[in-house]
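Scroll down for the structure; my scribbles are underneath it.
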Amino acid sequence: MPVAASTPFPVLCLAGATASGKTSLALAMAKALGGAIINADSRQIYADFPLICAQPTPEEQAQAPHYLYGILPSTAKISAGEWCHLAHDAIVSARKQHLVPILVGGTGMYFQALLHGIVPIPPIDPALRATLEARMDAEGPLALYGELEACDPSYAKSIHQNDRQRIVRALEVFHQTGHPFSWWHHQKSLQQPFCQGPLYVIAASLDWLEPRIRARIDSMMESGALKEAKEAFARCPNTEAPAWSGIGCWELLAYLRGRVSLDEALALWCKHTRAYAKRQNTWFRGRKEAIFFQPKQEADLLAHAVQDWDRLQKGVFQG
RNA sequence: GCCGAGGUAGCUCAGUCGGUAGAGCGGGGGCCUGAAAAGCCCUGUGUCAGCAGUUCAAUUCUGUUCCUCGGCA
């Protein structure tokens, strides 16, 4: 069942591209407001890559209560909806301790689901997806796209015929539920957000981010990123597992397996991180509810947060 | 110094049997409803090394200069 509260929980959200300085700003917010930090990052939730995926360090985590960091094994799948359930529990727990829930991360879709809700499509039978994916491999995207055009023309029109992931998703939903994917999207009454609050976004340009990304990768290497990848591989040799899709994970593994030189691995890691940051910026730029801050505007952000939290408490926050 | 191979988009290169050029990568822009650190789309004018010659027309042929890389000294 969807997690939906009749009155949405008040929360503060802090988002931004990777390496934009979310972790330290979140800590400052938590200290200023008496807050708990709740992870809204799809990779930092895994236990095997704390360094490579840039979880807050143990020292940082000791400075305020932290939730949902490093709680899943690499093989566990998580989805936006499942994350919402976990976040819900964390928020309830924080509120019981009179802590301000501060959601922090770079996964735009998680914030989307949290603040706008997500349609309650039932879980899909893994065998159904496996069948569709096998057909996708065998028949190519065009064949399945044609089927989608037949059963859900409006959604088909909204995606590209090469978008294998979304074609499979839309078909599996149709086959399992009997309703087109787009039908579900229109059930706005079923899509209730269970949180409300401001979405602060750190607006960091790629030019500003790039040297930080390089420096961070260097410091991760010094702190033992290679060892982390090696140990993660020993624990989870299936590199198809969800946690392995974190940027830097397979790049380092490729080096450990002798497929690329260390320099090449680090260059790829950096390049992929930069491309990811660009996608994140594009996503957040388009959020109409986002409130943007420059990386150095910590004081402004804190003042805003104090004021917004006050309004949320009084029930006069305008999302 | 001689011989050979090259100098074309930020990079690696293709190509034009003479009619001013195009791929990959990078870069830029964008999409996103339960995989989202995922998946997907759009986007290529550059003295075709310089100069001169032949030609209606040269990046393409010829000569020459410069530079790079091999080989021989």
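Convention: chains lettered A, B, ... in structure tokens order; per-chain residue numbering from 1; ligands numbered from 1 as shown.
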
Do you know which residues are at most 9 Å from region 128-144 of chain A counting only C-alpha atoms (C1' of nucleotides), after dropping those on the same chain fewer than 4 positions away, and could you put them as a ChimeraX atom specification?
/A:124,148-149,161-165,167-169,171-172,175-176

Keeping only C-alpha atoms, take the residues you just selected and write them out as a PDB file, in the first residue's frame.
ATOM      1  CA  ILE A 124       5.612  -6.638 -10.660  1.00  0.00           C
ATOM      2  CA  LEU A 148       3.411  -0.465 -26.439  1.00  0.00           C
ATOM      3  CA  GLU A 149       1.988   1.750 -29.175  1.00  0.00           C
ATOM      4  CA  GLN A 161      11.535   3.906 -29.258  1.00  0.00           C
ATOM      5  CA  ASN A 162      15.063   3.083 -28.067  1.00  0.00           C
ATOM      6  CA  ASP A 163      14.251   3.551 -24.401  1.00  0.00           C
ATOM      7  CA  ARG A 164      14.358  -0.135 -23.495  1.00  0.00           C
ATOM      8  CA  GLN A 165      13.987   0.419 -19.780  1.00  0.00           C
ATOM      9  CA  ILE A 167       9.307   0.243 -22.744  1.00  0.00           C
ATOM     10  CA  VAL A 168       9.734  -2.808 -20.514  1.00  0.00           C
ATOM     11  CA  ARG A 169       8.371  -0.954 -17.512  1.00  0.00           C
ATOM     12  CA  LEU A 171       4.570  -3.220 -20.814  1.00  0.00           C
ATOM     13  CA  GLU A 172       5.025  -5.057 -17.545  1.00  0.00           C
ATOM     14  CA  HIS A 175       0.369  -6.967 -18.599  1.00  0.00           C
ATOM     15  CA  GLN A 176       0.249  -7.333 -14.853  1.00  0.00           C
TER      16      GLN A 176
END

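Interface residues of chain B facing chain A, defined by any atom at most 7 Å away and using only C-alpha atoms (C1' of nucleotides), are U33, G34, A36, A37, G39 and C40 of chain B.
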
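From CA of Pro153 (chain A) back to CA of Lys288 (chain A), the distance works out to 27.9 Å.
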
Enumerate, as JSON, numbers by chain, the complete set of residues in region 48-297 of chain A that a backbone-based DSSP assignment places in strand (DSSP E or B).
{"A": [66, 67, 72, 100, 101, 102, 103, 104, 105, 195, 196, 199, 200, 201, 202, 290, 291, 292, 293]}

Counting only C-alpha atoms (C1' of nucleotides), what is within 8 Å of A21 (chain B), bar same-chain residues fewer than 3 positions away, as a PyMOL selection string?
chain B and resi 15-16+48

Go ahead and dump the residues you just picked, N, CA and C atoms (P, O5', C5', C4', C3', O3' and C1' of nucleotides), as a short mmCIF file (atom, residue, chain, number, x, y, z; two decimals), in the first residue's frame.
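Contents of the output file selection.cif:
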data_model
loop_
_atom_site.label_atom_id
_atom_site.label_comp_id
_atom_site.auth_asym_id
_atom_site.auth_seq_id
_atom_site.Cartn_x
_atom_site.Cartn_y
_atom_site.Cartn_z
P G B 15 40.21 6.86 -45.97
"O5'" G B 15 39.16 7.93 -46.53
"C5'" G B 15 37.84 7.54 -46.88
"C4'" G B 15 37.07 8.75 -47.34
"C3'" G B 15 37.68 9.50 -48.52
"O3'" G B 15 37.30 8.88 -49.74
"C1'" G B 15 37.06 11.04 -46.84
P U B 16 38.27 9.01 -51.06
"O5'" U B 16 37.74 10.33 -51.75
"C5'" U B 16 36.36 10.48 -52.09
"C4'" U B 16 36.06 11.94 -52.29
"C3'" U B 16 36.90 12.64 -53.35
"O3'" U B 16 36.26 12.59 -54.62
"C1'" U B 16 36.89 13.92 -51.35
P C B 48 40.95 25.17 -44.30
"O5'" C B 48 41.09 23.73 -43.68
"C5'" C B 48 42.24 23.29 -42.94
"C4'" C B 48 42.31 21.79 -43.12
"C3'" C B 48 43.28 21.37 -44.22
"O3'" C B 48 44.33 20.63 -43.57
"C1'" C B 48 41.13 20.29 -44.43
#

Any chance you could list, as number ranges by chain, the residues in region 61-225 of chain A that come up alpha helix (DSSP H) when DSSP is run on the backbone?
A: 61, 80-96, 108-116, 126-139, 141-151, 153-158, 164-177, 181-185, 206-222, 225

Close residues, G24 (chain B) itself excluded, 12 Å, only C-alpha atoms (C1' of nucleotides), min 5 positions apart in chain, as an MDAnalysis selection string
chainID B and resid 11:14 44

Residue selection dump (all heavy atoms) as a short mmCIF file (atom, residue, chain, number, x, y, z; two decimals), in the first residue's frame:
data_model
loop_
_atom_site.label_atom_id
_atom_site.label_comp_id
_atom_site.auth_asym_id
_atom_site.auth_seq_id
_atom_site.Cartn_x
_atom_site.Cartn_y
_atom_site.Cartn_z
P C B 11 43.05 19.06 -30.82
OP1 C B 11 44.50 19.31 -30.73
OP2 C B 11 42.36 19.16 -32.12
"O5'" C B 11 42.77 17.62 -30.22
"C5'" C B 11 43.50 17.14 -29.08
"C4'" C B 11 43.10 15.71 -28.80
"O4'" C B 11 41.66 15.67 -28.54
"C3'" C B 11 43.29 14.75 -29.96
"O3'" C B 11 44.62 14.24 -29.98
"C2'" C B 11 42.26 13.66 -29.67
"O2'" C B 11 42.72 12.77 -28.68
"C1'" C B 11 41.11 14.48 -29.10
N1 C B 11 40.10 14.86 -30.11
C2 C B 11 39.21 13.89 -30.56
O2 C B 11 39.31 12.73 -30.12
N3 C B 11 38.26 14.22 -31.47
C4 C B 11 38.18 15.48 -31.92
N4 C B 11 37.22 15.76 -32.80
C5 C B 11 39.09 16.49 -31.48
C6 C B 11 40.03 16.14 -30.58
P U B 12 45.25 13.71 -31.38
OP1 U B 12 46.65 13.33 -31.12
OP2 U B 12 44.91 14.68 -32.46
"O5'" U B 12 44.39 12.40 -31.64
"C5'" U B 12 44.59 11.22 -30.84
"C4'" U B 12 43.76 10.09 -31.40
"O4'" U B 12 42.34 10.42 -31.26
"C3'" U B 12 43.93 9.87 -32.89
"O3'" U B 12 45.07 9.08 -33.18
"C2'" U B 12 42.63 9.17 -33.27
"O2'" U B 12 42.64 7.81 -32.93
"C1'" U B 12 41.62 9.89 -32.37
N1 U B 12 40.95 11.00 -33.08
C2 U B 12 39.79 10.71 -33.77
O2 U B 12 39.31 9.58 -33.83
N3 U B 12 39.20 11.78 -34.41
C4 U B 12 39.64 13.08 -34.42
O4 U B 12 39.01 13.93 -35.04
C5 U B 12 40.85 13.31 -33.69
C6 U B 12 41.45 12.30 -33.05
P C B 13 45.75 9.20 -34.65
OP1 C B 13 46.60 8.01 -34.86
OP2 C B 13 46.33 10.55 -34.79
"O5'" C B 13 44.44 9.13 -35.56
"C5'" C B 13 44.43 8.72 -36.87
"C4'" C B 13 43.00 8.41 -37.24
"O4'" C B 13 42.09 9.30 -36.56
"C3'" C B 13 42.64 8.62 -38.70
"O3'" C B 13 43.07 7.53 -39.51
"C2'" C B 13 41.12 8.68 -38.63
"O2'" C B 13 40.56 7.41 -38.48
"C1'" C B 13 40.91 9.47 -37.33
N1 C B 13 40.68 10.91 -37.55
C2 C B 13 39.46 11.31 -38.11
O2 C B 13 38.63 10.43 -38.39
N3 C B 13 39.21 12.61 -38.34
C4 C B 13 40.13 13.53 -38.03
N4 C B 13 39.85 14.80 -38.27
C5 C B 13 41.40 13.15 -37.46
C6 C B 13 41.63 11.85 -37.25
P A B 14 43.28 7.75 -41.10
OP1 A B 14 43.85 6.49 -41.61
OP2 A B 14 43.95 9.02 -41.34
"O5'" A B 14 41.77 7.88 -41.64
"C5'" A B 14 40.93 6.74 -41.64
"C4'" A B 14 39.54 7.08 -42.13
"O4'" A B 14 38.96 8.17 -41.39
"C3'" A B 14 39.40 7.56 -43.56
"O3'" A B 14 39.57 6.52 -44.51
"C2'" A B 14 37.95 8.02 -43.53
"O2'" A B 14 37.05 6.94 -43.54
"C1'" A B 14 37.89 8.70 -42.17
N9 A B 14 38.04 10.16 -42.30
C8 A B 14 39.09 10.97 -41.93
N7 A B 14 38.90 12.25 -42.19
C5 A B 14 37.65 12.29 -42.77
C6 A B 14 36.85 13.34 -43.28
N6 A B 14 37.23 14.61 -43.27
N1 A B 14 35.64 13.03 -43.80
C2 A B 14 35.25 11.75 -43.80
N3 A B 14 35.90 10.67 -43.36
C4 A B 14 37.10 11.01 -42.85
P G B 44 24.80 19.18 -35.73
OP1 G B 44 24.72 20.13 -36.86
OP2 G B 44 24.55 17.75 -35.93
"O5'" G B 44 26.21 19.36 -35.02
"C5'" G B 44 26.79 20.64 -34.77
"C4'" G B 44 28.26 20.60 -35.13
"O4'" G B 44 28.84 19.39 -34.60
"C3'" G B 44 28.47 20.61 -36.63
"O3'" G B 44 29.07 21.86 -36.95
"C2'" G B 44 29.41 19.42 -36.93
"O2'" G B 44 30.64 19.87 -37.47
"C1'" G B 44 29.72 18.84 -35.55
N9 G B 44 29.63 17.38 -35.45
C8 G B 44 28.61 16.56 -35.81
N7 G B 44 28.85 15.29 -35.56
C5 G B 44 30.12 15.29 -35.00
C6 G B 44 30.92 14.22 -34.53
O6 G B 44 30.65 13.03 -34.50
N1 G B 44 32.14 14.67 -34.04
C2 G B 44 32.54 15.99 -34.03
N2 G B 44 33.76 16.23 -33.52
N3 G B 44 31.80 17.00 -34.45
C4 G B 44 30.61 16.57 -34.93
#

Please provide the set of residues having any atom within 8 Å of Gly105 (chain A), restricted to only C-alpha atoms (C1' of nucleotides), with same-chain residues fewer than 6 positions apart removed, written as a PyMOL selection string.
chain A and resi 14-16+22+39-41

Region 92-104 of chain A surroundings by only C-alpha atoms (C1' of nucleotides), 7 Å radius, close-in-sequence under 2 positions cut, as number ranges by chain:
A: 11-15, 26, 33-40, 88-90

Atom pair CA of Phe9 (chain A) / CA of Gln318 (chain A): separation (Å):
13.7 Å

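Ranking A:Met220, A:Ile45, A:Ala87, A:Leu27 by their shortest atom-to-atom distance to Gln61 (chain A), with only C-alpha atoms included, puts A:Leu27 first.
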
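The space separating CA of Pro295 (chain A) from CA of Ser205 (chain A) comes to 9.6 Å.
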
Give me the residues within 9 Å of Ala28 (chain A) as a PDB file with N, CA and C atoms, in the first residue's frame, counting only C-alpha atoms (C1' of nucleotides) and dropping any in the same chain fewer than 4 places off.
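And here is the file that came out, result08.pdb:
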ATOM      1  N   THR A  23      26.733  17.132   2.223  1.00  0.00           N
ATOM      2  CA  THR A  23      26.960  16.505   3.521  1.00  0.00           C
ATOM      3  C   THR A  23      27.273  17.537   4.601  1.00  0.00           C
ATOM      4  N   SER A  24      28.161  18.478   4.298  1.00  0.00           N
ATOM      5  CA  SER A  24      28.536  19.426   5.352  1.00  0.00           C
ATOM      6  C   SER A  24      27.415  20.433   5.595  1.00  0.00           C
ATOM      7  N   ALA A  32      21.958  23.343  13.617  1.00  0.00           N
ATOM      8  CA  ALA A  32      21.223  24.583  13.844  1.00  0.00           C
ATOM      9  C   ALA A  32      19.786  24.321  14.293  1.00  0.00           C
ATOM     10  N   LEU A  33      19.202  23.245  13.791  1.00  0.00           N
ATOM     11  CA  LEU A  33      17.776  23.018  14.021  1.00  0.00           C
ATOM     12  C   LEU A  33      17.490  21.883  15.007  1.00  0.00           C
ATOM     13  N   GLU A 298      25.813  29.167   2.933  1.00  0.00           N
ATOM     14  CA  GLU A 298      25.373  28.349   4.060  1.00  0.00           C
ATOM     15  C   GLU A 298      24.497  29.151   5.023  1.00  0.00           C
ATOM     16  N   LEU A 302      20.663  28.304   6.087  1.00  0.00           N
ATOM     17  CA  LEU A 302      20.263  28.019   7.469  1.00  0.00           C
ATOM     18  C   LEU A 302      19.129  28.944   7.916  1.00  0.00           C
TER      19      LEU A 302
END

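Closest to U54 (chain B) among B:A38, B:C66, B:C25, B:G18 is B:G18, based on only C-alpha atoms (C1' of nucleotides).
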